[in-house]
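Pasted below: model.cif, mmCIF, C-alpha atoms.
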data_query
loop_
_atom_site.label_atom_id
_atom_site.label_comp_id
_atom_site.auth_asym_id
_atom_site.auth_seq_id
_atom_site.Cartn_x
_atom_site.Cartn_y
_atom_site.Cartn_z
CA MET K 1 33.86 -56.45 -47.63
CA ARG K 2 35.83 -53.56 -46.20
CA TYR K 3 39.49 -53.23 -47.11
CA PHE K 4 42.36 -51.50 -45.44
CA SER K 5 43.40 -48.39 -47.40
CA GLU K 6 45.44 -48.90 -50.54
CA LEU K 7 48.53 -47.62 -48.74
CA THR K 8 48.02 -49.98 -45.81
CA ASN K 9 47.45 -52.90 -48.18
CA MET K 10 50.68 -52.01 -49.98
CA ALA K 11 52.48 -52.19 -46.65
CA VAL K 12 50.78 -55.53 -45.90
CA LEU K 13 51.84 -56.82 -49.34
CA THR K 14 55.42 -55.83 -48.56
CA GLU K 15 55.20 -57.57 -45.19
CA GLU K 16 53.81 -60.76 -46.74
CA THR K 17 56.49 -60.67 -49.45
CA GLY K 18 59.12 -60.47 -46.69
CA GLU K 19 57.63 -63.53 -45.01
CA LEU K 20 57.79 -65.40 -48.31
CA ALA K 21 61.40 -64.29 -48.76
CA ARG K 22 62.23 -65.59 -45.29
CA VAL K 23 60.91 -69.06 -46.14
CA ILE K 24 62.73 -69.12 -49.50
CA ALA K 25 65.99 -67.97 -47.89
CA ARG K 26 65.83 -70.86 -45.44
CA ARG K 27 64.52 -73.51 -47.83
CA TYR K 28 66.74 -72.70 -50.83
CA GLY K 29 69.37 -70.27 -49.56
CA GLU K 30 72.11 -70.24 -46.99
CA GLN K 31 70.02 -69.21 -44.00
CA SER K 32 68.92 -71.83 -41.49
CA TRP K 33 65.73 -72.26 -39.51
CA LYS K 34 65.68 -70.97 -35.97
CA ALA K 35 65.60 -73.63 -33.27
CA GLY K 36 62.03 -74.67 -32.56
CA ASP K 37 60.55 -73.14 -35.73
CA PRO K 38 57.71 -75.53 -36.64
CA ARG K 39 58.21 -74.81 -40.36
CA ALA K 40 61.60 -76.52 -40.21
CA ALA K 41 59.97 -79.97 -39.89
CA ASP K 42 59.20 -80.14 -43.63
CA ASN K 43 61.88 -77.59 -44.59
CA GLY K 44 59.20 -74.97 -45.11
CA ALA K 45 57.30 -76.85 -47.83
CA GLN K 46 53.88 -76.07 -46.37
CA ALA K 47 54.90 -72.55 -45.34
CA LEU K 48 56.08 -71.80 -48.89
CA GLY K 49 52.63 -72.31 -50.39
CA ASP K 50 50.93 -70.56 -47.49
CA GLU K 51 53.12 -67.46 -47.83
CA MET K 52 52.64 -67.39 -51.62
CA ALA K 53 48.89 -67.52 -51.07
CA ASP K 54 49.13 -64.64 -48.59
CA VAL K 55 50.98 -62.52 -51.17
CA LEU K 56 48.44 -63.37 -53.86
CA TRP K 57 45.51 -62.62 -51.54
CA VAL K 58 46.72 -59.12 -50.71
CA LEU K 59 47.56 -58.44 -54.37
CA LEU K 60 44.05 -59.51 -55.38
CA CYS K 61 42.59 -57.23 -52.72
CA LEU K 62 44.63 -54.30 -54.04
CA ALA K 63 43.55 -55.02 -57.61
CA ASN K 64 39.91 -55.23 -56.58
CA GLN K 65 39.89 -52.05 -54.54
CA THR K 66 41.70 -50.05 -57.24
CA GLY K 67 39.58 -51.33 -60.13
CA VAL K 68 42.35 -53.28 -61.85
CA ASP K 69 41.21 -56.33 -63.83
CA LEU K 70 44.16 -58.45 -62.82
CA GLU K 71 43.15 -61.37 -65.04
CA ALA K 72 43.11 -59.14 -68.12
CA GLU K 73 46.36 -57.45 -67.10
CA LEU K 74 48.05 -60.81 -66.57
CA SER K 75 46.94 -61.99 -70.02
CA LYS K 76 48.31 -58.83 -71.63
CA ASN K 77 51.55 -59.16 -69.69
CA ILE K 78 52.05 -62.78 -70.73
CA GLU K 79 51.41 -61.84 -74.36
CA LYS K 80 53.91 -58.96 -74.13
CA LYS K 81 56.61 -61.13 -72.57
CA THR K 82 55.97 -63.98 -75.02
CA HIS K 83 56.73 -61.74 -77.98
CA ARG K 84 59.40 -59.56 -76.40
CA ASP K 85 61.40 -62.35 -74.82
CA ARG K 86 60.82 -65.13 -77.36
CA ASP K 87 64.54 -65.71 -78.02
CA ARG K 88 66.12 -63.62 -75.30
CA HIS K 89 66.84 -66.37 -72.80
CA HIS K 90 67.95 -68.93 -75.38
CA GLN K 91 71.03 -66.78 -75.92
CA ASN K 92 71.76 -66.22 -72.22
CA GLN K 93 75.02 -68.01 -71.42
CA LYS K 94 74.18 -68.05 -67.72
CA LEU K 95 71.23 -70.36 -68.40
CA LYS K 96 73.12 -72.91 -70.49
#

Mind converting the file's structure to structure tokens?
Amino acid sequence: MRYFSELTNMAVLTEETGELARVIARRYGEQSWKAGDPRAADNGAQALGDEMADVLWVLLCLANQTGVDLEAELSKNIEKKTHRDRDRHHQNQKLK
């Protein structure tokens, strides 16, 4: 499989992230759907998953083409956050 360049894929990832943000802003935020937008029918429920999958797809492509073992990196990251943030959020008054 041929990829776009890493720089192009980074731009595509940014674009896909913007599309996800648009759905979240309309589904959970103060923005409203434009008249005639087909995603408004289910308040963006289907679009939300689709846009998340688009973001994940491009991220996986970037990891593959740059030699990053994303599964291993995710495991290390979860382990790091588990230890570092074990009690951090329990003391956050904003979350109580």

Exercise. Can you tell me how far CA of Leu70 (chain K) sits from CA of Arg88 (chain K), in Å to one decimal?
Worked result: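 CA of Arg88 (chain K) lies 25.8 Å from CA of Leu70 (chain K).
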
Seminar exercise, completed: As a check of understanding: the span from CA of Val23 (chain K) to CA of Glu51 (chain K) is 8.1 Å

For this session: Tell me, in Å to one decimal, how far CA of Asn43 (chain K) is from CA of Gly18 (chain K).
Result: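 Taking CA of Asn43 (chain K) and CA of Gly18 (chain K), their separation equals 17.5 Å.
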
Problem set entry | Selection under test: the PyMOL selection byres ((chain K and resi 16) around 12); residues as number ranges by chain | K: 9-15, 17-23, 47-48, 50-59

For this session: Compute the distance from (40.1, -59.0, -57.9) to each atom, counting all atoms listed in the file, keep the residues with any atom at most 7 Å away, and return them as a VMD selection string; use the coordinates of the file.
Result: chain K and resid 60 to 61 63 to 64 69 to 70

Exercise. Which one is closest to Tyr28 (chain K): K:Phe4, K:Ala45, K:Glu79, K:Leu62? Count all atoms listed in the file.
Worked result: K:Ala45

Problem set entry | Nearest candidate to Glu6 (chain K) (options K:Gln65, K:Asn92, K:Thr82, K:Ser75; using all atoms listed in the file) |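 The shortest atom-to-atom distance to Glu6 (chain K) comes from K:Gln65.
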
Exercise. With distances taken over only C-alpha atoms, which of K:Lys76, K:Arg2, K:Arg86, K:Arg39 is nearest to Ile24 (chain K)?
Worked result: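 Going through K:Lys76, K:Arg2, K:Arg86, K:Arg39 one by one, the smallest distance to Ile24 (chain K) is for K:Arg39.
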
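Taking only C-alpha atoms into account, Ser5 (chain K) lies nearest to K:Thr66 out of the set K:Ser32, K:Gln93, K:Gln46, K:Thr66.
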
Can you take the partial region 4-22 of chain K, add N, CA, C and O atoms, and return it as a PDB file, in the frame of the given file?
ATOM      1  N   PHE K   4      41.469 -52.530 -45.942  1.00  0.00           N
ATOM      2  CA  PHE K   4      42.360 -51.500 -45.440  1.00  0.00           C
ATOM      3  C   PHE K   4      42.560 -50.511 -46.591  1.00  0.00           C
ATOM      4  O   PHE K   4      42.248 -50.822 -47.753  1.00  0.00           O
ATOM      5  N   SER K   5      43.115 -49.347 -46.323  1.00  0.00           N
ATOM      6  CA  SER K   5      43.400 -48.390 -47.400  1.00  0.00           C
ATOM      7  C   SER K   5      44.412 -48.999 -48.365  1.00  0.00           C
ATOM      8  O   SER K   5      45.120 -49.957 -48.030  1.00  0.00           O
ATOM      9  N   GLU K   6      44.490 -48.426 -49.541  1.00  0.00           N
ATOM     10  CA  GLU K   6      45.440 -48.900 -50.540  1.00  0.00           C
ATOM     11  C   GLU K   6      46.874 -48.831 -49.996  1.00  0.00           C
ATOM     12  O   GLU K   6      47.672 -49.748 -50.213  1.00  0.00           O
ATOM     13  N   LEU K   7      47.184 -47.765 -49.284  1.00  0.00           N
ATOM     14  CA  LEU K   7      48.530 -47.620 -48.740  1.00  0.00           C
ATOM     15  C   LEU K   7      48.815 -48.680 -47.679  1.00  0.00           C
ATOM     16  O   LEU K   7      49.889 -49.293 -47.666  1.00  0.00           O
ATOM     17  N   THR K   8      47.847 -48.935 -46.824  1.00  0.00           N
ATOM     18  CA  THR K   8      48.020 -49.980 -45.810  1.00  0.00           C
ATOM     19  C   THR K   8      48.161 -51.340 -46.471  1.00  0.00           C
ATOM     20  O   THR K   8      49.022 -52.148 -46.089  1.00  0.00           O
ATOM     21  N   ASN K   9      47.336 -51.616 -47.475  1.00  0.00           N
ATOM     22  CA  ASN K   9      47.450 -52.900 -48.180  1.00  0.00           C
ATOM     23  C   ASN K   9      48.791 -53.034 -48.882  1.00  0.00           C
ATOM     24  O   ASN K   9      49.338 -54.142 -48.971  1.00  0.00           O
ATOM     25  N   MET K  10      49.347 -51.941 -49.371  1.00  0.00           N
ATOM     26  CA  MET K  10      50.680 -52.010 -49.980  1.00  0.00           C
ATOM     27  C   MET K  10      51.706 -52.386 -48.934  1.00  0.00           C
ATOM     28  O   MET K  10      52.609 -53.201 -49.184  1.00  0.00           O
ATOM     29  N   ALA K  11      51.570 -51.828 -47.743  1.00  0.00           N
ATOM     30  CA  ALA K  11      52.480 -52.190 -46.650  1.00  0.00           C
ATOM     31  C   ALA K  11      52.302 -53.651 -46.256  1.00  0.00           C
ATOM     32  O   ALA K  11      53.281 -54.362 -45.991  1.00  0.00           O
ATOM     33  N   VAL K  12      51.054 -54.123 -46.223  1.00  0.00           N
ATOM     34  CA  VAL K  12      50.780 -55.530 -45.900  1.00  0.00           C
ATOM     35  C   VAL K  12      51.373 -56.434 -46.984  1.00  0.00           C
ATOM     36  O   VAL K  12      51.956 -57.482 -46.676  1.00  0.00           O
ATOM     37  N   LEU K  13      51.257 -56.036 -48.251  1.00  0.00           N
ATOM     38  CA  LEU K  13      51.840 -56.820 -49.340  1.00  0.00           C
ATOM     39  C   LEU K  13      53.359 -56.914 -49.173  1.00  0.00           C
ATOM     40  O   LEU K  13      53.945 -57.987 -49.355  1.00  0.00           O
ATOM     41  N   THR K  14      53.977 -55.825 -48.793  1.00  0.00           N
ATOM     42  CA  THR K  14      55.420 -55.830 -48.560  1.00  0.00           C
ATOM     43  C   THR K  14      55.776 -56.751 -47.394  1.00  0.00           C
ATOM     44  O   THR K  14      56.749 -57.516 -47.461  1.00  0.00           O
ATOM     45  N   GLU K  15      54.977 -56.698 -46.345  1.00  0.00           N
ATOM     46  CA  GLU K  15      55.200 -57.570 -45.190  1.00  0.00           C
ATOM     47  C   GLU K  15      55.070 -59.043 -45.585  1.00  0.00           C
ATOM     48  O   GLU K  15      55.917 -59.873 -45.228  1.00  0.00           O
ATOM     49  N   GLU K  16      54.024 -59.372 -46.318  1.00  0.00           N
ATOM     50  CA  GLU K  16      53.810 -60.760 -46.740  1.00  0.00           C
ATOM     51  C   GLU K  16      54.924 -61.225 -47.684  1.00  0.00           C
ATOM     52  O   GLU K  16      55.355 -62.384 -47.627  1.00  0.00           O
ATOM     53  N   THR K  17      55.393 -60.333 -48.542  1.00  0.00           N
ATOM     54  CA  THR K  17      56.490 -60.670 -49.450  1.00  0.00           C
ATOM     55  C   THR K  17      57.759 -60.959 -48.646  1.00  0.00           C
ATOM     56  O   THR K  17      58.522 -61.884 -48.967  1.00  0.00           O
ATOM     57  N   GLY K  18      57.983 -60.210 -47.569  1.00  0.00           N
ATOM     58  CA  GLY K  18      59.120 -60.470 -46.690  1.00  0.00           C
ATOM     59  C   GLY K  18      59.022 -61.828 -46.023  1.00  0.00           C
ATOM     60  O   GLY K  18      60.027 -62.526 -45.867  1.00  0.00           O
ATOM     61  N   GLU K  19      57.810 -62.208 -45.622  1.00  0.00           N
ATOM     62  CA  GLU K  19      57.630 -63.530 -45.010  1.00  0.00           C
ATOM     63  C   GLU K  19      57.897 -64.637 -46.014  1.00  0.00           C
ATOM     64  O   GLU K  19      58.512 -65.662 -45.677  1.00  0.00           O
ATOM     65  N   LEU K  20      57.485 -64.432 -47.251  1.00  0.00           N
ATOM     66  CA  LEU K  20      57.790 -65.400 -48.310  1.00  0.00           C
ATOM     67  C   LEU K  20      59.296 -65.471 -48.540  1.00  0.00           C
ATOM     68  O   LEU K  20      59.863 -66.566 -48.661  1.00  0.00           O
ATOM     69  N   ALA K  21      59.947 -64.325 -48.559  1.00  0.00           N
ATOM     70  CA  ALA K  21      61.400 -64.290 -48.760  1.00  0.00           C
ATOM     71  C   ALA K  21      62.114 -65.034 -47.635  1.00  0.00           C
ATOM     72  O   ALA K  21      63.106 -65.736 -47.880  1.00  0.00           O
ATOM     73  N   ARG K  22      61.620 -64.905 -46.424  1.00  0.00           N
ATOM     74  CA  ARG K  22      62.230 -65.590 -45.290  1.00  0.00           C
ATOM     75  C   ARG K  22      62.177 -67.110 -45.487  1.00  0.00           C
ATOM     76  O   ARG K  22      63.167 -67.806 -45.271  1.00  0.00           O
TER      77      ARG K  22
END
